[in-house]
Amino acid sequence: MTAKPDRARLGELKQRLDSGEIEAMRPFGSALHYSLLNAKLQDQTTAIWEEEDYCIPPLAQERAAVLNDYFSELEVQRVEAGQGWGQLNGLPDLFPSD
């Protein structure tokens with residue numbers, strides 16, 4: 001998954017993640033919470049992460065509930081489970097540690 005984060009709203013997204021609000025969303029909250037907390041920066045303007053999803057169209061619920069509020073230009077690329085994370089090694093975190 002790649003997307004352009006709205007830099008002005010990333011603090012709000014991080015607060016929602018830290019509060020557990022997103023993790024509590026059903027049925028996708030746990031997977032989305034993990035994916036966003038572990039998202040990386042592919043370059044200065046693009047976030048990248050692996051997201052587990054079984055919807056058609058992809059990430060429909062996640063987009064409506066969360067993603068469309070904080071990201072634009074969302075693009076999905078199919079990978080085998082776990083392979084996407086391996087490709088992200090060495091990239092900087094979307095949410096740097098404090």
# chains A, B, ... in the order shown; residues from 1 in each chain; ligands from 1

call {"tool": "select_by_dssp", "arguments": {"residues": "segment 20-75 of chain A", "states": "alpha helix (DSSP H)", "output": "PyMOL selection string"}}
result
chain A and resi 29-37+60-62+68-70

call {"tool": "closest_atom_pairs", "arguments": {"of": "segment 71-90 of chain A", "to": "segment 33-55 of chain A", "cutoff": "8 Å", "atoms": "only C-alpha atoms", "output": "tab-separated table"}}
result
residue	atom	partner	partner_atom	distance
A:Ala81	CA	A:Glu52	CA	7.5
A:Gly82	CA	A:Glu50	CA	7.6
A:Gly84	CA	A:Glu50	CA	5.3
A:Trp85	CA	A:Glu50	CA	6.0
A:Leu88	CA	A:Lys40	CA	7.0

call {"tool": "closest_residue", "arguments": {"among": "A:Val79, A:Leu67, A:Leu32, A:Leu91", "to": "Leu10 of chain A", "atoms": "only C-alpha atoms"}}
result
A:Leu67

call {"tool": "select_by_dssp", "arguments": {"residues": "chain A", "states": "strand (DSSP E or B)", "output": "mmCIF file with N, CA and C atoms, in the first residue's frame"}}
result
data_model
loop_
_atom_site.group_PDB
_atom_site.id
_atom_site.type_symbol
_atom_site.label_atom_id
_atom_site.label_comp_id
_atom_site.auth_asym_id
_atom_site.auth_seq_id
_atom_site.Cartn_x
_atom_site.Cartn_y
_atom_site.Cartn_z
ATOM 1 N N THR A 2 0.637 2.158 -0.901
ATOM 2 C CA THR A 2 1.313 3.446 -0.854
ATOM 3 C C THR A 2 0.251 4.536 -0.823
ATOM 4 N N ALA A 3 0.605 5.667 -0.215
ATOM 5 C CA ALA A 3 -0.334 6.785 -0.112
ATOM 6 C C ALA A 3 0.432 8.049 0.243
ATOM 7 N N LYS A 4 -0.165 9.174 -0.085
ATOM 8 C CA LYS A 4 0.404 10.474 0.270
ATOM 9 C C LYS A 4 -0.233 10.928 1.583
ATOM 10 N N PRO A 5 0.544 10.994 2.661
ATOM 11 C CA PRO A 5 -0.028 11.427 3.940
ATOM 12 C C PRO A 5 -0.280 12.926 3.956
ATOM 13 N N LYS A 40 6.061 3.110 6.851
ATOM 14 C CA LYS A 40 7.362 3.717 6.570
ATOM 15 C C LYS A 40 7.190 4.860 5.572
ATOM 16 N N LEU A 41 8.239 5.625 5.401
ATOM 17 C CA LEU A 41 8.287 6.662 4.374
ATOM 18 C C LEU A 41 9.140 6.148 3.227
ATOM 19 N N GLN A 42 8.525 6.011 2.076
ATOM 20 C CA GLN A 42 9.229 5.551 0.883
ATOM 21 C C GLN A 42 10.111 6.677 0.346
ATOM 22 N N ASP A 43 9.609 7.886 0.446
ATOM 23 C CA ASP A 43 10.341 9.097 0.089
ATOM 24 C C ASP A 43 9.732 10.227 0.919
ATOM 25 N N THR A 46 5.682 10.052 0.331
ATOM 26 C CA THR A 46 4.906 8.822 0.163
ATOM 27 C C THR A 46 5.095 7.869 1.333
ATOM 28 N N ALA A 47 3.970 7.460 1.936
ATOM 29 C CA ALA A 47 3.989 6.434 2.982
ATOM 30 C C ALA A 47 3.769 5.078 2.329
ATOM 31 N N ILE A 48 4.320 4.044 2.955
ATOM 32 C CA ILE A 48 4.188 2.691 2.418
ATOM 33 C C ILE A 48 4.034 1.713 3.581
ATOM 34 N N PHE A 71 -4.897 10.364 4.160
ATOM 35 C CA PHE A 71 -4.050 10.041 3.011
ATOM 36 C C PHE A 71 -4.795 10.319 1.706
ATOM 37 N N SER A 72 -4.030 10.604 0.674
ATOM 38 C CA SER A 72 -4.570 10.709 -0.679
ATOM 39 C C SER A 72 -3.741 9.803 -1.585
ATOM 40 N N GLU A 73 -4.195 9.637 -2.788
ATOM 41 C CA GLU A 73 -3.483 8.836 -3.796
ATOM 42 C C GLU A 73 -3.134 7.438 -3.290
ATOM 43 N N LEU A 74 -4.101 6.797 -2.646
ATOM 44 C CA LEU A 74 -3.894 5.442 -2.136
ATOM 45 C C LEU A 74 -3.794 4.463 -3.298
ATOM 46 N N GLU A 75 -2.755 3.636 -3.273
ATOM 47 C CA GLU A 75 -2.555 2.623 -4.305
ATOM 48 C C GLU A 75 -2.254 1.288 -3.643
ATOM 49 N N ASP A 93 10.559 5.469 9.638
ATOM 50 C CA ASP A 93 9.188 5.307 10.131
ATOM 51 C C ASP A 93 8.328 6.506 9.773
#

call {"tool": "closest_residue", "arguments": {"among": "A:Gln77, A:Val66, A:Asn89, A:Phe28", "to": "Glu12 of chain A", "atoms": "only C-alpha atoms"}}
result
A:Val66

call {"tool": "residues_around", "arguments": {"residues": "Leu13 of chain A", "least_positions_apart": "2", "cutoff": "10 Å", "atoms": "only C-alpha atoms", "output": "list in words"}}
result
Asp6, Ala8, Arg9, Leu10, Gly11, Gln15, Arg16, Leu17, Asp18, Ser19, Ile22, Leu36, Leu37, Val66, Leu67, Asp69, Tyr70 and Phe95 of chain A

call {"tool": "atom_distance", "arguments": {"atom1": "atom CA of Ala60 of chain A", "atom2": "atom CA of Gly90 of chain A"}}
result
29.3 Å
